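**Student:** Quick one: the structure is below, and I'll ask about it shortly.
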Amino acid sequence: MVTAADFESKTEIKWCPGCGNFGILAAMKDALAKLGLSPEKVLVISGIGQAAKTPEFMQCNMFHALHGRALPLATAAKIANHNLKILVNTGDGDCYGEGGNHFMHAVRRNIDLTVLAHNNMVYGLTKGQASPTSERGTITRVHQHGVIMEPFNPLAVALSLKAGFVARGFSGRMEHLSSIIQQALQYNGFSLIDVLQPCVSFNHVNTHRWYSERVYELEKENYSPADYMQAMVKAQEWGNRIPIGIVYKQDKPSFTDQVFALKDGPLVDRTYSPEPLRELLKEL
Amino acid sequence: MVTAADFESKTEIKWCPGCGNFGILAAMKDALAKLGLSPEKVLVISGIGQAAKTPEFMQCNMFHALHGRALPLATAAKIANHNLKILVNTGDGDCYGEGGNHFMHAVRRNIDLTVLAHNNMVYGLTKGQASPTSERGTITRVHQHGVIMEPFNPLAVALSLKAGFVARGFSGRMEHLSSIIQQALQYNGFSLIDVLQPCVSFNHVNTHRWYSERVYELEKENYSPADYMQAMVKAQEWGNRIPIGIVYKQDKPSFTDQVFALKDGPLVDRTYSPEPLRELLKEL
Amino acid sequence: MNIDITVKIGGEAGQGIQTVGQILALACQKSGLYVFAINDFESRIRGGHSFFQIRISDKQVRAPHHQVNMLICLDRRTLALHRSEVVADGIIMMAAQDAGAEQGVLTIPVFALADKAGGSITANTVAAGSCLALLGAPLELFLAIIEKQFAGKSTETIAQNSAAARLGYEAVAGMKCSAAFNWPGQNPRGILMEGSQSVAFGALAGDLRFAAFYPMSPATSILTHLTAVADTFPLVVEQAEDEIAAANMIIGSSFAGVRSMTATSGGGFCLMVEALGLAGMTETPIVIVNAQRPGPATGLPTRTGQGDLQFVISASQDEFPRFVFAPGSPEEAFSITARALNLAEKYQVPAIILVDQFLLDSLYIIEKEFAVPDRIERYFADNDSAMDGPAYKRYTVTATGVSPRRLPCRGSALVAANGNEHSEDGHTTEEIAERNKMVQKRLAKVPHMLQEMEPPHPYCGDAHLLLVGWGSTAGTIQEAVDLLRAEGIDCGALHFSDLWPFPVEVAKKMLEKASRFYVVENNATGQLAQLIRQELLRAPDGLLLKYDGRPFYPVEIANKIKELAR
Amino acid sequence: MNIDITVKIGGEAGQGIQTVGQILALACQKSGLYVFAINDFESRIRGGHSFFQIRISDKQVRAPHHQVNMLICLDRRTLALHRSEVVADGIIMMAAQDAGAEQGVLTIPVFALADKAGGSITANTVAAGSCLALLGAPLELFLAIIEKQFAGKSTETIAQNSAAARLGYEAVAGMKCSAAFNWPGQNPRGILMEGSQSVAFGALAGDLRFAAFYPMSPATSILTHLTAVADTFPLVVEQAEDEIAAANMIIGSSFAGVRSMTATSGGGFCLMVEALGLAGMTETPIVIVNAQRPGPATGLPTRTGQGDLQFVISASQDEFPRFVFAPGSPEEAFSITARALNLAEKYQVPAIILVDQFLLDSLYIIEKEFAVPDRIERYFADNDSAMDGPAYKRYTVTATGVSPRRLPCRGSALVAANGNEHSEDGHTTEEIAERNKMVQKRLAKVPHMLQEMEPPHPYCGDAHLLLVGWGSTAGTIQEAVDLLRAEGIDCGALHFSDLWPFPVEVAKKMLEKASRFYVVENNATGQLAQLIRQELLRAPDGLLLKYDGRPFYPVEIANKIKELAR
Ligand SMILES: Cc1ncc(C[n+]2csc(CCOP(=O)(O)OP(=O)(O)O)c2C)c(N)n1
Ligand SMILES: Cc1ncc(C[n+]2csc(CCOP(=O)(O)OP(=O)(O)O)c2C)c(N)n1
Ligand code: SF4
Ligand code: SF4
Ligand SMILES: [Mg+2]
Ligand SMILES: [Mg+2]
């Protein structure tokens with residue numbers, strides 16, 4: 001039986017003590033173990049940032065790639081071998097800032113990946129600049145008069161692009177988060193989990209306590225994630241009450257289900273043959 | 001008095017005869033003239049594509065820039081001189097494909113620009129590949145089995161990012177489009193006009209006739225563009241009836257209204273003085 | 001050469017001059033002749049001016065000729081623009097609504113004849129008919145080609161075009177024409193192919209399984225050729241949201257185990273530069289085809305150039321080994337593309353192939369059969385049980401710098417790739433010793449990669465005076481050498497297809513013999529010349545540069561050399 | 001030098017070793033001493049290992065010393081890692097919970113004392129106190145600095161830190177220390193400045209009005225220095241969504257008429273390469289600061305390197321003139337940044353400034369007053385009425401290649417900028433003649449730009465043996481020369497700050513005198529050496545390369561030269 005401990009890495013964890021990332025890491029391991037996925041069956045792909053260090057602190061296959069570019073890399077890894085179970089760890093800057101275009105088009109592609117966007121509303125690794133999700137008025141060393149851009153709403157944007165699995169988790173609710181991750185991993189298509197994550201070093205507003213006082217689990221309310229416009233309304237809720245859980249879920253064929261060339265099995269497994277090309281050249 | 005003819009250029013127009021771009025060009029000139037904006041008071045910035053050739057075929061200030069990058073360039077031109085009246089001509093590929101990330105963040109920034117996204121649902125200039133707005137199943141030389149990505153819904157995405165002015169026009173309704181452009185130019189903030197535009201060379205489905213049979217003007221219905229969630233519902237409407245007009249409008253301070261350094265006038269007009277730096281160096 | 005005829009067909013975009021040209025080319029090929037054709041067009045879909053210029057010969061030709069024997073004008077502009085290129089006894093044919101009279105111009109009522117044949121859409125066929133008749137081609141050959149060309153279309157279409165062909169043919173029946181020649185016979189000559197096809201087929205011969213791209217001229221055609229045949233291969237061609245995505249995608253697919261490639265042009269390559277470095281750092285094999293066109297920026301999007309050599313050699317921050325190739329012919333484009341996919345995988349490095357609009361959009365006769373390998377060596381370590389489980393380290397230091405490669409989720413080995421500096425196990429490190437080890441490991445590949453580089457190709461390489469070039473200009477330079485030698489000048493050429501790592505030793509030796517050498521490039525600063533200066537500490541005796549977006553003509557080079565070498 | 005003391009303070013990220021170092025540096029500067037300090041840290045916010053290494057002298061110093069006179073350990077790891085660097089009679093101070101006993105280590109109960117002073121947060125101040133006491137600094141000086149350092153904080157904080165300072169100071173009262181020296185007096189020495197500040201201030205001296213950036217180490221600090229003072233200038237600093245946006249933004253703002261700049265590191269620069277070409281093609285002045293760090297890809301994000309020289313010289317497709325500078329000191333960083341903004345505007349070209357983590361994150365004493373210009377020349381043609389209305393053509397061909405520049409919507413002239421090839425009026429063209437004219441016009445600037453280039457800076461430039469370097473290594477190489485000359489070796493240095501267009505003639509002349517030269521670079525392949533080979537057709541006698549992400553020590557260079565030159 002696979003246990004969370006199987007994903008334990010010998011690498012020193014380089015996050016600040018108290019960082020919300022620990023909760024996310026624990027939830028991931030827990031979810032993988034609960035689904036019986038052992039380390040050699042899992043590929044974790046990440047960009048650059050504190051969030052993106054996650055696979056370094058796990059025992060599994062990994063690709064620690066470029067800032068903002070985890071999604072296209074993961075997309076094509078999946079196309080090359082659609083049997084792969086791929087998780088993507090990314091940050092709010094990585095996913096919605098530098099990687100914003102890939103985010104949009106990965107949603108449109110409905111490629112079967114599970115994306116954990118560690119959303120601490122700040123650029124952690126580069127020491128506290130505003131991120132796309134920073135709230136208006138956030139003061140940083142660069143935004144001395146406060147952020148004046150509208151915050152990016154990951155759930156609403158994903159929904160507007162017709163994502164089939166849109167969820168929000170909170171790093172402080174490990175079991176709830178693990179349950180979302182499990183469902184996302186079982187979902188056949190693009191699954192976004194935006195994870196609220198305190199950054200103890202640079203976000204002194206949206207703290208563990210701040211979230212704890214506000215989050216509520218959708219599963220405990222009478223909420224059905226099947227209604228698109230209702231999900232859109234739910235995605236707007238932010239303030240004294242912040243919903244966590246699966247906001248929207250709809251089944252549809254994933255990208256690799258629909259690619260013609262993949263009907264005979266993963267690309268990586270197909271055998272090379274010189275015949276088709278020789279034929280083709282003959283016909284010219 | 002300014003007339004549309006003042007924007008007439010001697011340059012040969014390089015679009016295909018019958019292209020929807022002609023209607024958009026006419027509507028732009030008409031709108032500018034109606035607002036009394038003469039060529040030397042207008043700056044048109046574009047990316048690369050058929051749509052992006054628009055400023056070449058007008059008499060005015062212009063910057064024909066890179067594929068996908070008109071928005072950041074225009075954003076900072078506006079910051080440097082916030083008295084500029086800037087229009088951006090861009091295509092569905094330029095704006096939502098290559099330039100997708102800039103589109104999202106320009107909306108968030110609420111920078112005072114009027115964006116005309118010539119949406120022909122295809123990459124025209126590069127000869128007919130699918131664009132982000134191409135419908136599922138669209139067959140191209142690259143998508144021989146049809147497009148399998150969810151089409152990009154510009155209105156819904158802009159709304160999800162809290163755009164304050166979201167509209168749709170149709171190149172075949174010149175006066176209606178001109179009226180939208182005029183309102184957009186008068187709006188203080190980011191205004192998106194997604195313009196339905198037939199491409200006679202590469203889009204044989206969404207033709208002039210196809211659109212003409214489907215579009216209806218919101219202004220003629222009892223529609224109020226003030227309600228956000230209603231706008232979101234309207235943005236989803238596509239099929240036998242396609243709404244054109246202003247889908248959502250909400251006033252709010254634009255980006256340059258809120259930038260501290262701009263309170264004393266446009267950056268470009270401020271005079272250089274060595275004093276502040278000398279002071280500063282003395283204080284070290 | 002007994003036959004050396006150049007036909008230029010000009011008109012507006014959308015008039016279908018390519019179709020006329022294609023028919024002409026096919027007719028020649030089927031009849032045992034050689035052809036070489038260039039495509040010249042603006043960045044627009046309708047209108048403007050474009051031309052197709054085909055050279056017909058009984059010998060292999062690989063360069064355009066500067067003089068036109070027959071000019072076919074589908075519009076008046078063509079006449080104005082190109083009349084001066086026509087040789088003294090050449091023929092000018094004008095397609096017009098009515099047969100009007102103009103001094104020295106043969107006016108054919110192509111459009112009226114087309115209407116008669118069944119529709120204005122057949123005007124091309126009419127024009128092709130007149131053209132072939134004037135050239136003295138047999139009507140049956142022409143009709144057979146029409147049938148082949150329109151195979152799959154409705155019988156009505158075929159009938160209309162056959163009629164159009166006849167009408168065009170008959171319109172000039174009996175006319176004498178200086179460009180006419182004896183059509184050899186019925187043994188088809190090799191195969192007719194666009195340069196871009198040779199890249200696409202080469203990729204398939206290199207077992208390409210995944211290609212990601214974002215449309216950009218002149219690279220797109222490589223991808224459309226791939227998609228056209230994709231269904232018979234284990235191949236996915238994905239249109240990405242932008243070039244950044246395309247480049248990162250092929251890293252992902254390659255990591256997961258399939259050979260992967262992208263193709264773009266300079267502007268798109270710019271956007272791939274960061275991913276190029278990621279491939280370098282993570283030692284993930286990828287192939288990038290950079291189809292050059294004149295810049296900077298958007299430049300002249302549908303024209304040709306060789307302005308990106310220095311750029312691709314040093315693109316991306318810091319240092320890592322890469323291959324840079326530049327095929328000089330479709331045959332080389334085929335073999336180099338296959339080789340690049342293989343070598344990238346063998347050395348776990350990125351490989352860049354520089355082509356250009358001239359190479360890709362030209363039409364060639366290929367005689368040599370393309371070599372399709374029986375099997376593909378994959379250089380994986382997945383059958384090595386010593387590499388199973390925790391023992392496996394993705395970046396194991398070896399003498400050659402190449403580490404045993406495993407694929408993720410295929411066996412018990414955990415595979416860690418990392419764009420941060422890493423230790424052998426793939427995890428991020430900041431240690432000095434580890435850093436040094438990894439830099440040295442990566443660079444250790446260079447001498448081995450160098451072994452793989454082909455020397456520059458000599459042509460009369462023992463000559464006194466050498467023309468040195470790279471990439472697509474090979475055929476043109478070779479013909480310039482022929483011209484010069486015909487005038488008694490002891491001249492040869494040295495042509496680079498394998499550019500980086502630069503084959504220093506062999507290049508030095510081959511250049512040593514020449515007392516003078518001139519570098520010929522389609523750019524404005526002489527980038528190969530700079531490279532030669534840097535690598536061989538030798539300065540060329542002169543540069544022969546052209547940067548107007550158009551390919552060289554052999555005579556241009558020959559004349560300039562005579563001037564320079566005087 | 002009578003005083004040459006190196007103090008190293010090591011500990012975990014988040015322990016505030018920079019604060020201790022800063023206090024130390026301030027104390028020295030206030031007291032009339034020179035200091036030079038490097039900052040060494042990992043890519044993490046808490047934990048791990050980092051150090052601040054400060055060199056104190058009575059002469060100007062611009063290089064780190066490889067030996068440590070006093071090691072201050074805020075954790076045990078520091079002791080383990082750096083003990084070996086301490087000179088024989090050096091002192092090691094360990095901050096510990098309790099004053100324990102370890103062979104040769106002076107343990108100070110820093111944390112207990114901090115608690116006593118009012119809170120663990122004052123532990124740094126305690127440590128600084130002990131350190132200054134051991135170095136023999138007067139307590140009053142120290143207390144005055146504490147007050148300055150905490151100015152603006154609550155009186156409680158000031159009181160607590162003063163108490164902590166005293167406790168730390170008294171904890172070692174009376175102890176003898178080999179590192180102690182005579183503290184000169186109270187005349188402050190110049191100003192204390194981070195390298196990144198000198199770039200920021202230089203930009204302001206160049207009338208920077210708009211900066212766009214995306215955070216990236218080690219460039220970010222330039223931008224935060226700018227924002228810190230932005231309110232007193234007509235200056236907007238905008239955080240962009242990515243580097244592509246940042247680069248295109250500064251083209252837009254520059255086009256609209258304000259001097260504009262961005263700063264990034266290699267990975268971000270990759271993403272700006274396409275926009276760099278747009279600036280080149282549209283002749284829009286921009287300045288890009290590329291703050292180098294080791295790569296490829298993410299590499300070692302908080303370390304130093306010089307791996308991007310060749311990359312930035314040839315970045316972007318096709319060819320266009322650009323300036324490339326690499327300051328060797330904060331004084332040069334100031335003047336070059338101002339100059340780059342000016343020259344970019346004068347020639348309407350992009351300018352790139354190469355700095356690195358070593359230059360930006362080090363602490364310097366600046367004595368010479370920075371020159372702030374009284375006025376800024378803008379090179380606009382807006383007062384020329386001949387350029388009004390339709391007569392105006394953005395890309396008018398001139399002898400220098402520089403066209404009269406107007407701003408959009410300021411007067412009756414219509415301004416058309418274009419990234420496609422264009423005619424003089426800025427509209428897209430495909431004509432051969434126009435294309436040639438524009439390529440030639442752009443390149444015509446090069447000889448004029450070359451006139452602006454400063455020659456490499458000689459230091460004992462007449463020597464037999466020359467060390468050749470570029471950028472941030474200037475101070476270190478100079479000290480290496482001193483070391484070698486002190487041993488009687490006839491040695492000097494030639495240091496490049498102005499790299500492209502390459503000052504061929506003057507460089508050739510200055511290098512001619514030397515019978516041997518060695519190139520010193522913080523990279524693994526010797527990129528300046530390649531450039532010298534290419535431009536001067538001369539090969540260096542040897543390369544002295546370091547690529548582990550850490551700066552050179554003078555002695556490292558000196559020793560290696562002795563080895564090479566033997
Ligand atoms: C191309 C590029 N630009 C910038 C950076 C610098 N950088 C590293 S992480 C990061 C932001 C991280 O923010 P986020 O994704 O929110 O992750 P967090 O650290 O907050 O978890 C940035 C800007 C980079 N590595 N590459
Ligand atoms: C970086 C880059 N990639 C690709 C291209 C090639 N390109 C030119 S226009 C275009 C697409 C245009 O599509 P769209 O924006 O929808 O404009 P349209 O032509 O349909 O009006 C592309 C891919 C380019 N110029 N630059
Ligand atoms: S900086 Fe913030 S996000 Fe990064 S490790 Fe520390 S607490 Fe976590
Ligand atoms: S290709 Fe389409 S979009 Fe382009 S000009 Fe022609 S009709 Fe218009
Ligand atoms: Mg974050
Ligand atoms: Mg389009």
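FYI, nothing fancy with the structure tokens labels: chains A, B, ... in order, residues from 1 per chain, ligands from 1 as they appear.
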Got a sec to pull out which chain B residues are within 6 Å of chain D, counting only C-alpha atoms, and send them as a PDB file with all heavy atoms, in the first residue's frame?

**Tutor:**
ATOM      1  N   GLU B  40      -4.067  64.274 -36.399  1.00  0.00           N
ATOM      2  CA  GLU B  40      -2.867  64.508 -35.585  1.00  0.00           C
ATOM      3  C   GLU B  40      -3.146  64.365 -34.094  1.00  0.00           C
ATOM      4  O   GLU B  40      -2.238  64.411 -33.273  1.00  0.00           O
ATOM      5  CB  GLU B  40      -2.237  65.870 -35.921  1.00  0.00           C
ATOM      6  CG  GLU B  40      -3.030  67.073 -35.489  1.00  0.00           C
ATOM      7  CD  GLU B  40      -4.083  67.486 -36.513  1.00  0.00           C
ATOM      8  OE1 GLU B  40      -4.350  66.696 -37.446  1.00  0.00           O
ATOM      9  OE2 GLU B  40      -4.648  68.581 -36.366  1.00  0.00           O
ATOM     10  N   LYS B  41      -4.411  64.187 -33.735  1.00  0.00           N
ATOM     11  CA  LYS B  41      -4.757  64.014 -32.318  1.00  0.00           C
ATOM     12  C   LYS B  41      -4.969  62.547 -31.969  1.00  0.00           C
ATOM     13  O   LYS B  41      -5.333  62.224 -30.837  1.00  0.00           O
ATOM     14  CB  LYS B  41      -6.044  64.797 -32.005  1.00  0.00           C
ATOM     15  CG  LYS B  41      -5.902  66.300 -32.187  1.00  0.00           C
ATOM     16  CD  LYS B  41      -6.720  67.052 -31.158  1.00  0.00           C
ATOM     17  CE  LYS B  41      -6.577  68.552 -31.304  1.00  0.00           C
ATOM     18  NZ  LYS B  41      -7.487  69.106 -32.348  1.00  0.00           N
ATOM     19  N   CYS B  60      -2.933  59.112 -39.890  1.00  0.00           N
ATOM     20  CA  CYS B  60      -2.901  59.483 -38.467  1.00  0.00           C
ATOM     21  C   CYS B  60      -1.549  59.064 -37.901  1.00  0.00           C
ATOM     22  O   CYS B  60      -0.707  58.549 -38.629  1.00  0.00           O
ATOM     23  CB  CYS B  60      -4.013  58.782 -37.689  1.00  0.00           C
ATOM     24  SG  CYS B  60      -3.880  56.986 -37.696  1.00  0.00           S
ATOM     25  N   ASN B  61      -1.315  59.306 -36.617  1.00  0.00           N
ATOM     26  CA  ASN B  61      -0.112  58.791 -35.983  1.00  0.00           C
ATOM     27  C   ASN B  61      -0.276  57.285 -35.812  1.00  0.00           C
ATOM     28  O   ASN B  61      -1.373  56.818 -35.489  1.00  0.00           O
ATOM     29  CB  ASN B  61       0.074  59.419 -34.602  1.00  0.00           C
ATOM     30  CG  ASN B  61       0.316  60.910 -34.686  1.00  0.00           C
ATOM     31  OD1 ASN B  61       1.423  61.347 -34.987  1.00  0.00           O
ATOM     32  ND2 ASN B  61      -0.722  61.697 -34.433  1.00  0.00           N
ATOM     33  N   MET B  62       0.801  56.553 -35.978  1.00  0.00           N
ATOM     34  CA  MET B  62       0.629  55.107 -35.836  1.00  0.00           C
ATOM     35  C   MET B  62       1.909  54.419 -35.350  1.00  0.00           C
ATOM     36  O   MET B  62       3.014  54.935 -35.507  1.00  0.00           O
ATOM     37  CB  MET B  62       0.210  54.476 -37.169  1.00  0.00           C
ATOM     38  CG  MET B  62       1.337  54.349 -38.171  1.00  0.00           C
ATOM     39  SD  MET B  62       1.056  52.951 -39.312  1.00  0.00           S
ATOM     40  CE  MET B  62       2.680  52.728 -40.015  1.00  0.00           C
ATOM     41  N   PHE B  63       1.694  53.277 -34.759  1.00  0.00           N
ATOM     42  CA  PHE B  63       2.804  52.382 -34.423  1.00  0.00           C
ATOM     43  C   PHE B  63       2.347  50.981 -34.784  1.00  0.00           C
ATOM     44  O   PHE B  63       1.466  50.424 -34.140  1.00  0.00           O
ATOM     45  CB  PHE B  63       3.175  52.482 -32.937  1.00  0.00           C
ATOM     46  CG  PHE B  63       4.571  51.998 -32.633  1.00  0.00           C
ATOM     47  CD1 PHE B  63       5.470  52.818 -31.942  1.00  0.00           C
ATOM     48  CD2 PHE B  63       5.010  50.748 -33.036  1.00  0.00           C
ATOM     49  CE1 PHE B  63       6.772  52.391 -31.667  1.00  0.00           C
ATOM     50  CE2 PHE B  63       6.303  50.303 -32.759  1.00  0.00           C
ATOM     51  CZ  PHE B  63       7.183  51.136 -32.073  1.00  0.00           C
ATOM     52  N   HIS B  64       2.954  50.467 -35.837  1.00  0.00           N
ATOM     53  CA  HIS B  64       2.654  49.102 -36.285  1.00  0.00           C
ATOM     54  C   HIS B  64       3.713  48.204 -35.630  1.00  0.00           C
ATOM     55  O   HIS B  64       4.853  48.172 -36.069  1.00  0.00           O
ATOM     56  CB  HIS B  64       2.747  49.069 -37.817  1.00  0.00           C
ATOM     57  CG  HIS B  64       2.194  47.827 -38.458  1.00  0.00           C
ATOM     58  ND1 HIS B  64       2.039  47.705 -39.819  1.00  0.00           N
ATOM     59  CD2 HIS B  64       1.748  46.658 -37.939  1.00  0.00           C
ATOM     60  CE1 HIS B  64       1.536  46.505 -40.100  1.00  0.00           C
ATOM     61  NE2 HIS B  64       1.360  45.854 -38.982  1.00  0.00           N
ATOM     62  N   ALA B  65       3.325  47.535 -34.583  1.00  0.00           N
ATOM     63  CA  ALA B  65       4.315  46.913 -33.692  1.00  0.00           C
ATOM     64  C   ALA B  65       4.447  45.405 -33.927  1.00  0.00           C
ATOM     65  O   ALA B  65       4.397  44.946 -35.059  1.00  0.00           O
ATOM     66  CB  ALA B  65       3.961  47.238 -32.251  1.00  0.00           C
ATOM     67  N   PRO B  72       0.722  46.197 -24.404  1.00  0.00           N
ATOM     68  CA  PRO B  72       1.695  46.809 -23.493  1.00  0.00           C
ATOM     69  C   PRO B  72       2.322  48.076 -24.073  1.00  0.00           C
ATOM     70  O   PRO B  72       2.567  49.049 -23.351  1.00  0.00           O
ATOM     71  CB  PRO B  72       2.747  45.714 -23.273  1.00  0.00           C
ATOM     72  CG  PRO B  72       2.478  44.661 -24.283  1.00  0.00           C
ATOM     73  CD  PRO B  72       1.043  44.792 -24.682  1.00  0.00           C
ATOM     74  N   LEU B  73       2.564  48.060 -25.370  1.00  0.00           N
ATOM     75  CA  LEU B  73       3.147  49.236 -26.005  1.00  0.00           C
ATOM     76  C   LEU B  73       2.195  50.436 -25.866  1.00  0.00           C
ATOM     77  O   LEU B  73       2.595  51.545 -25.480  1.00  0.00           O
ATOM     78  CB  LEU B  73       3.428  48.904 -27.470  1.00  0.00           C
ATOM     79  CG  LEU B  73       4.420  49.794 -28.204  1.00  0.00           C
ATOM     80  CD1 LEU B  73       5.214  48.975 -29.211  1.00  0.00           C
ATOM     81  CD2 LEU B  73       3.762  50.948 -28.909  1.00  0.00           C
ATOM     82  N   ALA B  74       0.925  50.183 -26.130  1.00  0.00           N
ATOM     83  CA  ALA B  74      -0.067  51.251 -26.021  1.00  0.00           C
ATOM     84  C   ALA B  74      -0.236  51.704 -24.570  1.00  0.00           C
ATOM     85  O   ALA B  74      -0.386  52.893 -24.287  1.00  0.00           O
ATOM     86  CB  ALA B  74      -1.401  50.763 -26.588  1.00  0.00           C
ATOM     87  N   ALA B  76       1.921  51.851 -22.170  1.00  0.00           N
ATOM     88  CA  ALA B  76       2.966  52.748 -21.691  1.00  0.00           C
ATOM     89  C   ALA B  76       3.007  54.046 -22.480  1.00  0.00           C
ATOM     90  O   ALA B  76       3.419  55.083 -21.948  1.00  0.00           O
ATOM     91  CB  ALA B  76       4.312  52.046 -21.725  1.00  0.00           C
ATOM     92  N   ALA B  77       2.569  54.006 -23.735  1.00  0.00           N
ATOM     93  CA  ALA B  77       2.457  55.274 -24.474  1.00  0.00           C
ATOM     94  C   ALA B  77       1.463  56.161 -23.735  1.00  0.00           C
ATOM     95  O   ALA B  77       1.670  57.368 -23.557  1.00  0.00           O
ATOM     96  CB  ALA B  77       2.004  55.015 -25.910  1.00  0.00           C
ATOM     97  N   ALA B  80       3.055  57.509 -20.591  1.00  0.00           N
ATOM     98  CA  ALA B  80       4.018  58.575 -20.878  1.00  0.00           C
ATOM     99  C   ALA B  80       3.314  59.885 -21.214  1.00  0.00           C
ATOM    100  O   ALA B  80       3.807  60.967 -20.913  1.00  0.00           O
ATOM    101  CB  ALA B  80       4.915  58.159 -22.044  1.00  0.00           C
ATOM    102  N   ALA B 261       2.439  59.662  -9.819  1.00  0.00           N
ATOM    103  CA  ALA B 261       3.346  60.572 -10.525  1.00  0.00           C
ATOM    104  C   ALA B 261       2.655  61.360 -11.626  1.00  0.00           C
ATOM    105  O   ALA B 261       3.232  62.310 -12.166  1.00  0.00           O
ATOM    106  CB  ALA B 261       4.516  59.792 -11.115  1.00  0.00           C
ATOM    107  N   VAL B 268       5.477  63.372 -20.168  1.00  0.00           N
ATOM    108  CA  VAL B 268       6.221  63.942 -21.284  1.00  0.00           C
ATOM    109  C   VAL B 268       6.301  65.471 -21.196  1.00  0.00           C
ATOM    110  O   VAL B 268       7.205  66.087 -21.752  1.00  0.00           O
ATOM    111  CB  VAL B 268       5.593  63.481 -22.631  1.00  0.00           C
ATOM    112  CG1 VAL B 268       4.238  64.132 -22.852  1.00  0.00           C
ATOM    113  CG2 VAL B 268       6.520  63.738 -23.801  1.00  0.00           C
ATOM    114  N   PRO B 274      17.667  69.123 -12.239  1.00  0.00           N
ATOM    115  CA  PRO B 274      18.705  68.327 -11.589  1.00  0.00           C
ATOM    116  C   PRO B 274      18.570  68.322 -10.067  1.00  0.00           C
ATOM    117  O   PRO B 274      19.160  67.486  -9.384  1.00  0.00           O
ATOM    118  CB  PRO B 274      20.003  69.024 -12.009  1.00  0.00           C
ATOM    119  CG  PRO B 274      19.611  70.435 -12.321  1.00  0.00           C
ATOM    120  CD  PRO B 274      18.178  70.416 -12.752  1.00  0.00           C
TER     121      PRO B 274
END

**Student:** DSSP on the backbone, strand (DSSP E or B) only: what residues of stretch 77-192 of chain D does that give? Format it as an MDAnalysis selection string.

**Tutor:** chainID D and resid 86:95 102 105:108 191:192

**Student:** Residues of chain B no more than 6 Å from chain A, counting only C-alpha atoms: send them over as a compact mmCIF listing (two decimals) with C-alpha atoms, in the first residue's frame.

**Tutor:**
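Once written, iface35.txt looks like this:
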# COMPACT_ATOMS: atom_id res chain seq x y z
CA GLY B 100 -3.46 36.78 -24.47
CA ASN B 101 -1.51 37.60 -21.35
CA ARG B 108 -7.02 44.47 -14.98
CA ARG B 109 -5.07 47.69 -15.35
CA MET B 149 -10.25 23.39 -28.16
CA GLU B 150 -13.06 25.33 -26.55
CA ALA B 156 -16.88 36.53 -20.98
CA VAL B 157 -13.15 36.61 -20.34
CA SER B 160 -14.36 37.81 -15.63

**Student:** Neighbours of B:Tyr187 within 9 Å (only C-alpha atoms; same-chain residues fewer than 4 positions away dropped), as a PyMOL selection string?

**Tutor:** chain B and resi 112-114+164-165+182-183+191+249+251

**Student:** Show me which residues line ligand 5, defined as having an atom within 9 Å of a ligand atom where only C-alpha atoms and all ligand atoms count, and present them as a ChimeraX atom specification.

**Tutor:** /A:49-51,90-94,117-125,128,130-133,197,199

**Student:** Output the neighbourhood of ligand 4 as JSON, numbers by chain, that is, all protein and nucleic acid residues with some atom at most 7 Å from the ligand, counting only C-alpha atoms and all ligand atoms.

**Tutor:** {"B": [14, 15, 16, 18, 19, 20, 21, 50, 51, 120, 124, 125, 127, 198, 199, 200, 201, 202], "C": [45, 46]}
